[in-house]
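As structure tokens, the structure follows; a few thoughts come after it.
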Amino acid sequence: MPKIQAERLRVLGRALLVANGVPESEAATVARHVVNANLAGHDSHGMIMLPNYIERVKAGHIVPGAPFTIVQESPTTTVVDGNWGFGYVINEQAMALTIEKAETNNIAATTVFRQGHVGRLASYPLMAARAGMIGMAWADSGRSPKGVAPFGGREPRLGTNPWAIAVPSDLDGPFCMDFATSAVAMGKIKLAEARGQEIPLGWVVDKDGDLTTDPAKIKGGALMPLGGSEGYKGTALAAMGEIFCGILTGLGFGVEPTGRHNDGCFLIAIKVEAFRPLLTFRKDVAEFAHYLKDTPPAKGSQGVLYPGEVEHRAEQARGTAGIEIEDATWQKLGALAVAGGVPMPA
């Protein structure tokens with residue numbers, strides 16, 4: 001697999017998007033988010049998604065330059081219609097507005113509907129954490145095709161419905177959780193298929209309801225909910241995600257026939273200073289993380305990591321060594337580059 005420095009990938013991603021009719025500023029935002037996902041080790045939401053985004057632009061499912069429309073608002077709440085714009089662009093603007101309202105009113109919440117794929121969900125709570133706030137984001141896929149079977153079933157009825165929270169701290173890396181409410185993100189199944197790898201048993205059931213290690217058998221099958229034998233917990237989390245991000249936003253549930261991807265999001269920003277001095281809070285969070293890490297490791301374990309430390313380590317390593325891109329994705333990017341007259345990195 002080729003290994004490319006992050007900035008070169010950002011330049012490539014931006015150029016490919018611009019070549020396909022995306023405004024320069026939006027192309028830069030999407031490329032930044034995509035490569036940041038790769039840096040954090042979330043390759044399922046990285047450059048592998050760029051050809052898919054471009055396909056959706058060509059199909060009219062993503063509308064470059066779409067307006068950001070505030071449907072209704074109060075001093076602490078906002079309802080945003082993304083008008084089918086890029087999820088990265090719309091959701092980033094929505095989170096910035098949520099942070100701005102929380103700065104004045106201590107807490108604010110926003111719903112967003114009719115937007116494209118929002119990518120790595122941690123991107124938005126991390127904006128709040130950098131502003132001295134606790135940030136939360138929850139997302140679902142509206143009425144686009146589902147991929148997750150509810151506990152006890154074998155046909156998809158739920159989205160992967162990820163949930164992310166980030167808090168400010170004095171740690172070197174962010175204290176942040178970000179995970180799908182399914183056994184794994186759908187992108188990781190596609191990534192394994194692109195890399196010709198097997199997946200762990202328990203991630204996917206095939207069309208006959210049998211567990212499989214073949215990622216290609218997700219076609220006609222479904223992802224399993226988070227929790228394994230306790231998967232009703234993952235199903236409950238996913239169902240609540242549908243409430244906050246599908247029903248509260250007005251997107252609804254089930255599947256709309258066109259198959260258009262339409263992420264719904266619920267965002268919150270909480271100003272720490274409304275409850276405690278920020279500097280004290282940051283110090284306490286860091287001390288709590290070190291308290292967790294001081295736990296003696298279990299047999300076979302490399303030790304305890306605080307939430308977000310895996311991504312921080314990946315970002316440090318990949319920021320220096322570069323990012324590996326699977327051959328199948330590199331070939332797709334190369335074909336787009338040829339079609340758009342864009343030079344590929346060596």
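The way I read the labels, and the way they are meant: chains A, B, ... in the order of the structure tokens, residue 1 as the first residue of every chain, and ligand 1 as the first ligand shown, with later ones counted on from there.
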
Next on the checklist: Taking 6 positions as the minimum chain separation for residues in the same chain, which residues sit within 7 Å of A:Ala238 when counting only C-alpha atoms? Answer as a PyMOL selection string.
Outcome noted: chain A and resi 158+160-161+181

Would you put the residues from that selection into a file with all heavy atoms, as a short mmCIF file (atom, residue, chain, number, x, y, z; two decimals), in the first residue's frame?
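Result went into again_9.cif, see below:
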data_model
loop_
_atom_site.label_atom_id
_atom_site.label_comp_id
_atom_site.auth_asym_id
_atom_site.auth_seq_id
_atom_site.Cartn_x
_atom_site.Cartn_y
_atom_site.Cartn_z
N LEU A 158 -31.78 -0.55 11.55
CA LEU A 158 -31.17 0.59 12.22
C LEU A 158 -29.92 1.03 11.48
O LEU A 158 -29.29 0.25 10.76
CB LEU A 158 -30.78 0.21 13.66
CG LEU A 158 -31.90 -0.14 14.62
CD1 LEU A 158 -31.34 -0.88 15.83
CD2 LEU A 158 -32.65 1.12 15.06
N THR A 160 -25.90 2.71 11.87
CA THR A 160 -24.80 2.48 12.82
C THR A 160 -24.83 3.52 13.94
O THR A 160 -24.23 3.32 14.99
CB THR A 160 -23.44 2.52 12.11
OG1 THR A 160 -23.30 3.75 11.41
CG2 THR A 160 -23.31 1.35 11.14
N ASN A 161 -25.51 4.63 13.71
CA ASN A 161 -25.86 5.63 14.72
C ASN A 161 -24.74 5.94 15.73
O ASN A 161 -24.90 5.69 16.93
CB ASN A 161 -27.14 5.22 15.45
CG ASN A 161 -28.32 5.11 14.50
OD1 ASN A 161 -28.19 5.30 13.30
ND2 ASN A 161 -29.48 4.81 15.04
N THR A 181 -22.93 2.45 17.37
CA THR A 181 -23.75 1.63 18.26
C THR A 181 -23.96 0.23 17.66
O THR A 181 -24.66 -0.59 18.25
CB THR A 181 -25.10 2.31 18.54
OG1 THR A 181 -25.75 2.61 17.30
CG2 THR A 181 -24.89 3.60 19.31
#

Next on the checklist: Using DSSP assignments from the backbone, pull out every residue in stretch 155-243 of chain A that falls under strand (DSSP E) and give it to me as a list in words.
Outcome noted: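 Going through stretch 155-243 of chain A, the strand (DSSP E) residues come out as Trp163, Ala164, Ile165, Ala166, Val167, Phe175, Cys176, Met177, Asp178, Phe179, Val204, Val205, Leu211, Thr212, Ala222 and Leu223 of chain A.
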
Can you spit out the residues from that selection as an mmCIF file, in the first residue's frame, using C-alpha atoms?
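This is the output file part-v3.cif:
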data_model
loop_
_atom_site.group_PDB
_atom_site.id
_atom_site.type_symbol
_atom_site.label_atom_id
_atom_site.label_comp_id
_atom_site.auth_asym_id
_atom_site.auth_seq_id
_atom_site.Cartn_x
_atom_site.Cartn_y
_atom_site.Cartn_z
ATOM 1 C CA TRP A 163 -22.152 8.728 19.383
ATOM 2 C CA ALA A 164 -19.246 10.994 20.347
ATOM 3 C CA ILE A 165 -18.379 13.107 23.410
ATOM 4 C CA ALA A 166 -15.238 15.194 23.989
ATOM 5 C CA VAL A 167 -14.146 17.133 27.070
ATOM 6 C CA PHE A 175 -10.258 12.879 26.151
ATOM 7 C CA CYS A 176 -12.914 11.719 23.729
ATOM 8 C CA MET A 177 -15.203 8.795 22.958
ATOM 9 C CA ASP A 178 -16.476 8.067 19.449
ATOM 10 C CA PHE A 179 -18.076 4.765 18.497
ATOM 11 C CA VAL A 204 -21.825 -9.477 10.418
ATOM 12 C CA VAL A 205 -24.590 -11.960 9.683
ATOM 13 C CA LEU A 211 -22.287 -15.230 11.372
ATOM 14 C CA THR A 212 -19.515 -14.770 8.801
ATOM 15 C CA ALA A 222 -26.534 -7.016 8.263
ATOM 16 C CA LEU A 223 -24.185 -5.632 10.880
#

Checklist outcome for this item: The residue from A:Lys190, A:Arg130, A:His290, A:Lys207 with the smallest atom-to-atom distance to A:Ala149, counting only C-alpha atoms, is A:Lys207

Checklist entry - How far is it from atom CA of A:Asn52 to atom CA of A:Lys332, in Å with one decimal? => result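 It comes out at 9.9 Å.
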
Checklist entry - What residues in stretch 63-193 of chain A get the DSSP label helix (DSSP H, G or I)? Please answer as an NGL selection string. => result :A and (87-105 or 123-130 or 186-193)

Next on the checklist: At a cut-off of 10 Å, using only C-alpha atoms, what residues contact A:Gly231? Leave out same-chain residues fewer than 4 positions from it and give the result as a list in words.
Outcome noted: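 After dropping sequence-adjacent residues, the list is Pro150, Phe151, Gly152, Thr181, Ser182, Ala183, Met224, Pro225, Leu226, Gly227, Thr235, Ala236 and Leu237 of chain A.
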
Checklist entry - Residues at most 8 Å from A:Ala19, counting only C-alpha atoms, excluding those fewer than 4 positions away in the same chain, as a count of residues only? => result 4

Return as a Markdown table the residues of stretch 134-240 of chain A lying at most 9 Å from stretch 254-278 of chain A, together with the closest atom-to-atom pair for each and the distance in Å to one decimal, counting only C-alpha atoms, with rows in chain order and ascending residue number.
| residue | atom | partner | partner_atom | distance |
| --- | --- | --- | --- | --- |
| A:Ile134 | CA | A:Ile270 | CA | 5.1 |
| A:Gly135 | CA | A:Ala269 | CA | 4.6 |
| A:Met136 | CA | A:Ile268 | CA | 5.1 |
| A:Ala137 | CA | A:Leu267 | CA | 4.6 |
| A:Trp138 | CA | A:Phe266 | CA | 5.2 |
| A:Ala139 | CA | A:Cys265 | CA | 4.4 |
| A:Asp140 | CA | A:Gly264 | CA | 5.4 |
| A:Ser141 | CA | A:Asp263 | CA | 4.3 |
| A:Gly142 | CA | A:Asn262 | CA | 5.4 |
| A:Arg143 | CA | A:Val255 | CA | 4.4 |
| A:Ser144 | CA | A:His261 | CA | 4.9 |
| A:Pro145 | CA | A:Val255 | CA | 5.6 |
| A:Lys146 | CA | A:Val255 | CA | 7.2 |
| A:Arg157 | CA | A:Gly254 | CA | 7.0 |
| A:Leu158 | CA | A:Gly254 | CA | 8.1 |
| A:Pro168 | CA | A:Leu278 | CA | 8.3 |
| A:Ser169 | CA | A:Leu278 | CA | 8.9 |

Export of prior selection with C-alpha atoms as a PDB file, in the first residue's frame:
ATOM      1  CA  ILE A 134     -18.044  19.551  26.763  1.00  0.00           C
ATOM      2  CA  GLY A 135     -19.257  18.643  23.295  1.00  0.00           C
ATOM      3  CA  MET A 136     -21.558  15.870  22.170  1.00  0.00           C
ATOM      4  CA  ALA A 137     -22.709  14.681  18.771  1.00  0.00           C
ATOM      5  CA  TRP A 138     -25.057  11.870  17.801  1.00  0.00           C
ATOM      6  CA  ALA A 139     -25.830  10.905  14.206  1.00  0.00           C
ATOM      7  CA  ASP A 140     -28.043   8.596  12.214  1.00  0.00           C
ATOM      8  CA  SER A 141     -28.624   8.026   8.528  1.00  0.00           C
ATOM      9  CA  GLY A 142     -32.192   9.307   8.373  1.00  0.00           C
ATOM     10  CA  ARG A 143     -34.211   7.247   5.915  1.00  0.00           C
ATOM     11  CA  SER A 144     -31.286   6.096   3.795  1.00  0.00           C
ATOM     12  CA  PRO A 145     -30.700   2.321   3.540  1.00  0.00           C
ATOM     13  CA  LYS A 146     -30.035   0.678   6.903  1.00  0.00           C
ATOM     14  CA  ARG A 157     -33.624  -1.859  10.592  1.00  0.00           C
ATOM     15  CA  LEU A 158     -31.166   0.591  12.222  1.00  0.00           C
ATOM     16  CA  PRO A 168     -11.331  19.665  27.615  1.00  0.00           C
ATOM     17  CA  SER A 169      -8.329  18.444  29.626  1.00  0.00           C
TER      18      SER A 169
END

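In this model, the gap between atom CA of A:Ile54 and atom CA of A:Thr329 comes to 13.3 Å.
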
Next on the checklist: Quick one: residues within 10 Å of A:Lys101, only C-alpha atoms, excluding same-chain residues fewer than 4 positions away - as a list of chain:residue names?
Outcome noted: A:Ser74, A:Pro75, A:Thr76, A:Thr77, A:Thr78, A:Met95, A:Ala96, A:Leu97, A:Asn105, A:Asn106, A:Ile107, A:Ala108, A:Ala109, A:Ala269, A:Ile270, A:Lys271

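Atom CA of A:Tyr232 to atom CA of A:Val310 spans 26.7 Å [interatomic distance, one decimal].
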
Next on the checklist: I want to know what sits within 12 Å of A:Glu92, based on only C-alpha atoms, with residues of the same chain fewer than 2 positions away left out; could you give that as a ChimeraX atom specification?
Outcome noted: /A:26,29-30,32-33,68,80,82,85-90,94-99,110,112,115,118-128,137,265,267

Item to check | Distance query A:Ala289 at most 12 Å, only C-alpha atoms, self and fewer than 3 positions along chain excluded, as JSON, numbers by chain | outcome: {"A": [167, 169, 170, 171, 172, 173, 174, 175, 176, 282, 283, 284, 285, 286, 292, 293, 294, 295, 304, 305, 306, 307, 308, 309]}

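When only C-alpha atoms are used to measure the gap to A:Gln331, the shortest distance among A:Ala239, A:Met1, A:Ala6, A:Val34 belongs to A:Met1.
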
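When only C-alpha atoms are used to compute distances to A:Arg195, the closest of the residues A:Val71, A:Ala321, A:Ala216, A:Val18 turns out to be A:Ala216.
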